[in-house]
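Asks: What follows is a structure written as structure tokens; I'll ask about it next.
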Amino acid sequence: MGQDQSSVFDLAAVAAASNGGNNDPLLPPARYIGAPQKPSKMPYNKYVAYDKQVPFDYPERTWPGKRLQRAPRWCSVDLRDGNQALVNPMDSERKLRFWNLLVSLGFKEIEVGFPSASETDYDFIRMLIERELIPDDVTIVVLTQAREHLIRKTYECLKGAKRAVVHFYNSVSVLQREVVFRKDKAGIKKLATDAATLCKELEGEAEGIDLYYEYSPESFTGTEPEYAVEVCNAVIDVIKPTPEHPMIINLPATVEMTTPNVFADQVEYMSNNLVPRDAVVLSLHPHNDEGMGVAATELAVLAGADRVEGCLLGNGERTGNVDLVTLGLNFLTQGIDPQIDYSNVPEIRKTVEYCNQLKISERHPYAGNFVFTAFSGSHQDAIKKGLEARQVAADRAGADLDSFVWLVPYLPIDPKDIGRTYEAIIRVNSQSGKGGMAYLLKTNHNLDLPKRLQVEFDKVVQAYADETKKEVKDEDIWRLFKDEYLPVEESGATAAGAVVGDSKDDSLEQWGRLKLLKVSVSSGEDGSDTVLKARILDRGVNVGVDEPVEREVSGMGNGPLAAFLNALSNFGIEASVMDYVEHTMSVGTDAMAASYVECQIGEEEDPRIVWGVGIDTSIVTSSLKAIISAINRSER
Ligand SMILES: CC(=O)SCCNC(=O)CCNC(=O)[C@H](O)C(C)(C)COP(=O)(O)OP(=O)(O)OC[C@H]1O[C@@H](n2cnc3c(N)ncnc32)[C@H](O)[C@@H]1OP(=O)(O)O
Ligand SMILES: CC(C)C(=O)C(=O)O
Ligand SMILES: [Mg+2]
């Protein structure tokens, strides 16, 4: 170790002794409700606040006032950093599959491996070069430590490539200088400049290759930014990039150890102090140790970074490299072209999971199974209303719905834009409300239930959800709905003259006293009243026990509904219609209609308010069936 500082552990111990360095005893107590929180047994005194390890402030920062305006240059490091983090590193078949995916998505810079580290990496890169699998507009990047034999091997591997970036790195952090390299600042800087000098010397062996360089002050986040500038500028001085032939200075958050605002300050400081800045592509290589990789990257882009390295769906060392899919789609949702084609996220996910032999989480942004699914009632209600309002607004504007502006509560992106569907947007469980069930009935069964009917049927669904304690699938909702509202057909038979639209489902118990078999409607003699004749099966109140009887009844009224209610008085049933809604369910000659009636049934002093539903090819018949449905339900 050099003489320019005492041990990092001594400094840390001093800071830790003062409560990690940042606990402020003078802060007023936090406001709270109820009992105060108790001190935990967590060993916080072991840890040292970031700015006590590497003091840094940058009041000149300008990034907080900036906004994202264009996509950075993207570089995938899946085949190198992602690969080195896998339980089973990719074989050449998997690497090639990943490579093909990256090329097809539009990546123009791809780090293809660490050729001096393994034969697999070396051979894979040779295969790409020799089989001419690298499109002219794609640049490969190869990584090497700043060590002579590894650099030499790297150049050997590149022979025959058209264009390549040699990426060399060495750690420069306070901790690694002391514990890994056991060198002082000057010694670490020399490691970097020696590597740069060797690279320049080896250029003779890289004849015919359009060669570029990338240097990473590894563990940048644990490094004094002033020192990182000193090392990077020394490397730049050796490489001598120009604006026409720039080099990449890549700032790795090898370990994420600060809040994103501090990282952005560090990056802006670097951006302002690298010389000559216009010959440098300033790059980020964020990891996600504290779960803020995406946030840190976005702020650091505001702070001046030109380029971002990461992995698809966030694979990578420990908690991963920053997720390029999330980043790209975050740009998209800000109205900025990500310049990478993420229009088929399920396909990307399939390939990434296959190649990495690792599964992503159900909640993974944009790609997880549940990210377009709402279980909770108020979310479902808002999504349903939002989708409907958007449709209305697009129709009003005469615009194509697929390209119409996307504003839907709880859905930051149109699932269709990334190859996902609406199918699973709304799923129902005990946390759901009427909106979810209504959405599924509308989307999957063309039934647009009136609001009060939704409220009524929701109680049935809710009771089922509470009883089963499971998700209520669309097929469950449909069975519950049929069982509740639609008269059940006798198993295996269709009664003579039966009207269509009855539910046939052998698994449902048959119930319901009345069944409409046939109906005819005509005008009365003076043309003012409607005369209705109906054949009705009366199975008795105790269905399956009482003997069924078929009865012909007739009635008159100022319309089919009134005439039918009048006819039903023959069964001693008193009913009146309070609300009536109908709609067609499909178009064409065999179009079906759905009717919903809210009926008051029974004595005036003790009436029951129930909804009934009818489905038929004839609107009139569907409305009569809806009345039968309501009456049957009132007696159930
Ligand atoms: C943050 C990152 O992701 S960096 C990339 C890390 N990726 C990988 O390591 C994957 C591939 N690496 C490997 O397979 C191996 O490390 C190899 C083949 C490259 C090198 O293997 P080895 O030489 O056997 O060993 P190892 O990696 O342990 O080397 C450690 C030595 O290199 C030095 N070293 C480590 N990194 C660097 C570097 N970037 N530049 C210069 N020296 C370095 C260490 O200080 C240590 O030196 P010492 O032996 O004098 O103590
Ligand atoms: C080699 C460097 C760029 C790296 O992967 C890291 O620091 O995380
Ligand atoms: Mg890394």
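Going through the structure tokens in order, the chains are called A, B, and so on, while each chain numbers its residues from 1 and the ligands are numbered from 1 in the order shown.
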Kindly provide, as JSON, numbers by chain, all nucleotide and amino acid residues lying within 9 Å of ligand 2, counting only C-alpha atoms and all ligand atoms.

Replies: {"A": [77, 80, 81, 143, 144, 145, 167, 168, 169, 170, 171, 215, 216, 217, 218, 219, 220, 250, 251, 252, 253, 254, 255, 284, 285, 286, 287, 309, 316, 317, 321]}

Asks: Keeping only N, CA and C atoms, write the selected residues to a file as a PDB file, in the first residue's frame.

Replies:
ATOM      1  N   VAL A  77     -24.238  -5.922 -22.963  1.00  0.00           N
ATOM      2  CA  VAL A  77     -23.102  -6.686 -22.425  1.00  0.00           C
ATOM      3  C   VAL A  77     -23.569  -8.074 -21.951  1.00  0.00           C
ATOM      4  N   ARG A  80     -21.138 -10.928 -22.266  1.00  0.00           N
ATOM      5  CA  ARG A  80     -19.946 -10.872 -21.416  1.00  0.00           C
ATOM      6  C   ARG A  80     -20.349 -10.750 -19.941  1.00  0.00           C
ATOM      7  N   ASP A  81     -20.852  -9.592 -19.518  1.00  0.00           N
ATOM      8  CA  ASP A  81     -21.151  -9.408 -18.094  1.00  0.00           C
ATOM      9  C   ASP A  81     -22.321 -10.296 -17.683  1.00  0.00           C
ATOM     10  N   LEU A 143     -13.621  -7.507 -23.979  1.00  0.00           N
ATOM     11  CA  LEU A 143     -13.124  -7.010 -22.692  1.00  0.00           C
ATOM     12  C   LEU A 143     -11.817  -7.701 -22.307  1.00  0.00           C
ATOM     13  N   THR A 144     -10.950  -6.932 -21.683  1.00  0.00           N
ATOM     14  CA  THR A 144      -9.732  -7.522 -21.115  1.00  0.00           C
ATOM     15  C   THR A 144      -9.314  -6.755 -19.858  1.00  0.00           C
ATOM     16  N   GLN A 145      -8.705  -7.472 -18.941  1.00  0.00           N
ATOM     17  CA  GLN A 145      -8.076  -6.777 -17.803  1.00  0.00           C
ATOM     18  C   GLN A 145      -6.852  -6.033 -18.329  1.00  0.00           C
ATOM     19  N   HIS A 167     -11.800  -3.128 -25.014  1.00  0.00           N
ATOM     20  CA  HIS A 167     -12.260  -2.538 -23.753  1.00  0.00           C
ATOM     21  C   HIS A 167     -11.349  -3.045 -22.641  1.00  0.00           C
ATOM     22  N   PHE A 168     -10.529  -2.163 -22.093  1.00  0.00           N
ATOM     23  CA  PHE A 168      -9.652  -2.587 -20.992  1.00  0.00           C
ATOM     24  C   PHE A 168     -10.070  -1.865 -19.718  1.00  0.00           C
ATOM     25  N   TYR A 169      -9.823  -2.540 -18.593  1.00  0.00           N
ATOM     26  CA  TYR A 169     -10.304  -1.979 -17.327  1.00  0.00           C
ATOM     27  C   TYR A 169      -9.363  -2.347 -16.203  1.00  0.00           C
ATOM     28  N   ASN A 170      -9.360  -1.505 -15.197  1.00  0.00           N
ATOM     29  CA  ASN A 170      -8.784  -1.882 -13.913  1.00  0.00           C
ATOM     30  C   ASN A 170      -9.505  -1.106 -12.829  1.00  0.00           C
ATOM     31  N   SER A 171      -9.580  -1.725 -11.691  1.00  0.00           N
ATOM     32  CA  SER A 171     -10.319  -1.085 -10.608  1.00  0.00           C
ATOM     33  C   SER A 171      -9.513   0.078 -10.036  1.00  0.00           C
ATOM     34  N   TYR A 215     -12.178   2.464 -22.084  1.00  0.00           N
ATOM     35  CA  TYR A 215     -11.505   2.267 -20.810  1.00  0.00           C
ATOM     36  C   TYR A 215     -12.527   2.416 -19.682  1.00  0.00           C
ATOM     37  N   SER A 216     -12.499   1.447 -18.739  1.00  0.00           N
ATOM     38  CA  SER A 216     -13.390   1.530 -17.576  1.00  0.00           C
ATOM     39  C   SER A 216     -12.581   1.657 -16.299  1.00  0.00           C
ATOM     40  N   PRO A 217     -12.748   2.775 -15.578  1.00  0.00           N
ATOM     41  CA  PRO A 217     -12.211   2.841 -14.220  1.00  0.00           C
ATOM     42  C   PRO A 217     -13.150   2.021 -13.334  1.00  0.00           C
ATOM     43  N   GLU A 218     -12.869   0.712 -13.264  1.00  0.00           N
ATOM     44  CA  GLU A 218     -13.802  -0.178 -12.588  1.00  0.00           C
ATOM     45  C   GLU A 218     -14.008   0.255 -11.144  1.00  0.00           C
ATOM     46  N   SER A 219     -15.153  -0.047 -10.583  1.00  0.00           N
ATOM     47  CA  SER A 219     -15.536   0.365  -9.230  1.00  0.00           C
ATOM     48  C   SER A 219     -15.505   1.882  -9.102  1.00  0.00           C
ATOM     49  N   PHE A 220     -15.913   2.540 -10.166  1.00  0.00           N
ATOM     50  CA  PHE A 220     -15.944   4.004 -10.206  1.00  0.00           C
ATOM     51  C   PHE A 220     -16.729   4.589  -9.027  1.00  0.00           C
ATOM     52  N   ASN A 250     -15.974   4.588 -19.905  1.00  0.00           N
ATOM     53  CA  ASN A 250     -17.149   3.889 -19.374  1.00  0.00           C
ATOM     54  C   ASN A 250     -17.119   3.933 -17.847  1.00  0.00           C
ATOM     55  N   LEU A 251     -18.148   4.513 -17.250  1.00  0.00           N
ATOM     56  CA  LEU A 251     -18.162   4.678 -15.791  1.00  0.00           C
ATOM     57  C   LEU A 251     -19.020   3.587 -15.157  1.00  0.00           C
ATOM     58  N   PRO A 252     -18.382   2.577 -14.575  1.00  0.00           N
ATOM     59  CA  PRO A 252     -19.189   1.492 -14.024  1.00  0.00           C
ATOM     60  C   PRO A 252     -19.629   1.765 -12.591  1.00  0.00           C
ATOM     61  N   ALA A 253     -20.923   1.584 -12.368  1.00  0.00           N
ATOM     62  CA  ALA A 253     -21.373   1.448 -10.980  1.00  0.00           C
ATOM     63  C   ALA A 253     -21.201  -0.043 -10.723  1.00  0.00           C
ATOM     64  N   THR A 254     -19.940  -0.455 -10.645  1.00  0.00           N
ATOM     65  CA  THR A 254     -19.635  -1.885 -10.480  1.00  0.00           C
ATOM     66  C   THR A 254     -20.439  -2.428  -9.315  1.00  0.00           C
ATOM     67  N   VAL A 255     -20.466  -1.621  -8.244  1.00  0.00           N
ATOM     68  CA  VAL A 255     -21.388  -1.880  -7.142  1.00  0.00           C
ATOM     69  C   VAL A 255     -22.179  -0.591  -6.931  1.00  0.00           C
ATOM     70  N   LEU A 284     -22.055   4.673 -19.443  1.00  0.00           N
ATOM     71  CA  LEU A 284     -22.424   4.207 -18.096  1.00  0.00           C
ATOM     72  C   LEU A 284     -22.496   2.687 -18.107  1.00  0.00           C
ATOM     73  N   HIS A 285     -22.155   2.100 -16.967  1.00  0.00           N
ATOM     74  CA  HIS A 285     -22.272   0.644 -16.854  1.00  0.00           C
ATOM     75  C   HIS A 285     -22.879   0.367 -15.473  1.00  0.00           C
ATOM     76  N   PRO A 286     -24.163   0.618 -15.331  1.00  0.00           N
ATOM     77  CA  PRO A 286     -24.766   0.516 -13.994  1.00  0.00           C
ATOM     78  C   PRO A 286     -25.131  -0.913 -13.610  1.00  0.00           C
ATOM     79  N   HIS A 287     -24.888  -1.225 -12.347  1.00  0.00           N
ATOM     80  CA  HIS A 287     -25.436  -2.447 -11.759  1.00  0.00           C
ATOM     81  C   HIS A 287     -26.549  -2.042 -10.807  1.00  0.00           C
ATOM     82  N   GLU A 309     -24.441   0.831 -21.083  1.00  0.00           N
ATOM     83  CA  GLU A 309     -24.233  -0.614 -21.189  1.00  0.00           C
ATOM     84  C   GLU A 309     -25.164  -1.322 -20.219  1.00  0.00           C
ATOM     85  N   GLY A 316     -27.214 -10.247 -14.920  1.00  0.00           N
ATOM     86  CA  GLY A 316     -25.869  -9.732 -14.658  1.00  0.00           C
ATOM     87  C   GLY A 316     -25.445  -9.998 -13.234  1.00  0.00           C
ATOM     88  N   GLU A 317     -24.197  -9.659 -12.954  1.00  0.00           N
ATOM     89  CA  GLU A 317     -23.614  -9.950 -11.645  1.00  0.00           C
ATOM     90  C   GLU A 317     -24.546  -9.535 -10.494  1.00  0.00           C
ATOM     91  N   ASN A 321     -27.077  -6.367 -14.165  1.00  0.00           N
ATOM     92  CA  ASN A 321     -26.751  -5.117 -14.867  1.00  0.00           C
ATOM     93  C   ASN A 321     -28.055  -4.357 -15.046  1.00  0.00           C
TER      94      ASN A 321
END

Asks: Run DSSP on the backbone and grab whatever in range 424-458 of chain A lands in alpha helix (DSSP H); send it over as a list in words.

Replies: Lys434, Gly435, Gly436, Met437, Ala438, Tyr439, Leu440, Leu441, Lys442, Thr443, Asn444, His445, Lys451, Arg452, Leu453, Gln454, Val455, Glu456, Phe457 and Asp458 of chain A

Asks: Using only C-alpha atoms and all ligand atoms, which of the listed residues (A:Asn344, A:Gln84, A:Ser361, A:Asn45) sits closest to ligand 3?

Replies: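 The closest residue to ligand 3 is A:Gln84.
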
Asks: Extract, using only C-alpha atoms, all DNA, RNA and protein residues at most 8 Å from Met257 in chain A, discarding same-chain residues fewer than 5 positions from it, and format them as a list in words.

Replies: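 Within the cut-off, the hits are Tyr50, Thr221, Gly222, Asp289 and Glu290 of chain A.
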
Asks: I want to know what sits within 9 Å of Tyr410 in chain A, based on only C-alpha atoms, with residues of the same chain fewer than 2 positions away left out; could you give that as a PDB file with C-alpha atoms, in the first residue's frame?

Replies:
ATOM      1  CA  PHE A 372     -50.665  -5.928 -17.222  1.00  0.00           C
ATOM      2  CA  ALA A 374     -55.253  -5.727 -12.295  1.00  0.00           C
ATOM      3  CA  HIS A 379     -58.037  -0.418 -10.678  1.00  0.00           C
ATOM      4  CA  GLN A 380     -60.281  -2.659 -12.779  1.00  0.00           C
ATOM      5  CA  ALA A 382     -60.596   2.660 -13.859  1.00  0.00           C
ATOM      6  CA  ILE A 383     -58.972   0.546 -16.591  1.00  0.00           C
ATOM      7  CA  VAL A 408     -55.308   4.710 -19.525  1.00  0.00           C
ATOM      8  CA  PRO A 412     -48.395   3.246 -18.472  1.00  0.00           C
TER       9      PRO A 412
END

Asks: Leu313 in chain A: which residues within 7 Å, counting only C-alpha atoms, same-chain residues fewer than 6 positions away excluded, as a PyMOL selection string?

Replies: chain A and resi 323-325

Asks: Using only N, CA, C and O atoms, please write the residues we just selected to a file, as a PDB file, in the first residue's frame.

Replies:
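In the end it all went to selection.pdb:
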ATOM      1  N   ASP A 323     -31.274  -2.974 -16.629  1.00  0.00           N
ATOM      2  CA  ASP A 323     -32.134  -3.652 -17.601  1.00  0.00           C
ATOM      3  C   ASP A 323     -32.387  -2.751 -18.811  1.00  0.00           C
ATOM      4  O   ASP A 323     -33.063  -1.727 -18.715  1.00  0.00           O
ATOM      5  N   LEU A 324     -31.862  -3.174 -19.950  1.00  0.00           N
ATOM      6  CA  LEU A 324     -32.004  -2.344 -21.160  1.00  0.00           C
ATOM      7  C   LEU A 324     -33.439  -2.313 -21.672  1.00  0.00           C
ATOM      8  O   LEU A 324     -33.862  -1.330 -22.278  1.00  0.00           O
ATOM      9  N   VAL A 325     -34.192  -3.381 -21.437  1.00  0.00           N
ATOM     10  CA  VAL A 325     -35.583  -3.391 -21.926  1.00  0.00           C
ATOM     11  C   VAL A 325     -36.397  -2.357 -21.151  1.00  0.00           C
ATOM     12  O   VAL A 325     -37.132  -1.549 -21.733  1.00  0.00           O
TER      13      VAL A 325
END

Asks: Hey, what does DSSP flag as strand (DSSP E) within range 177-411 of chain A? Can you give it to me as a count of residues only?

Replies: 27
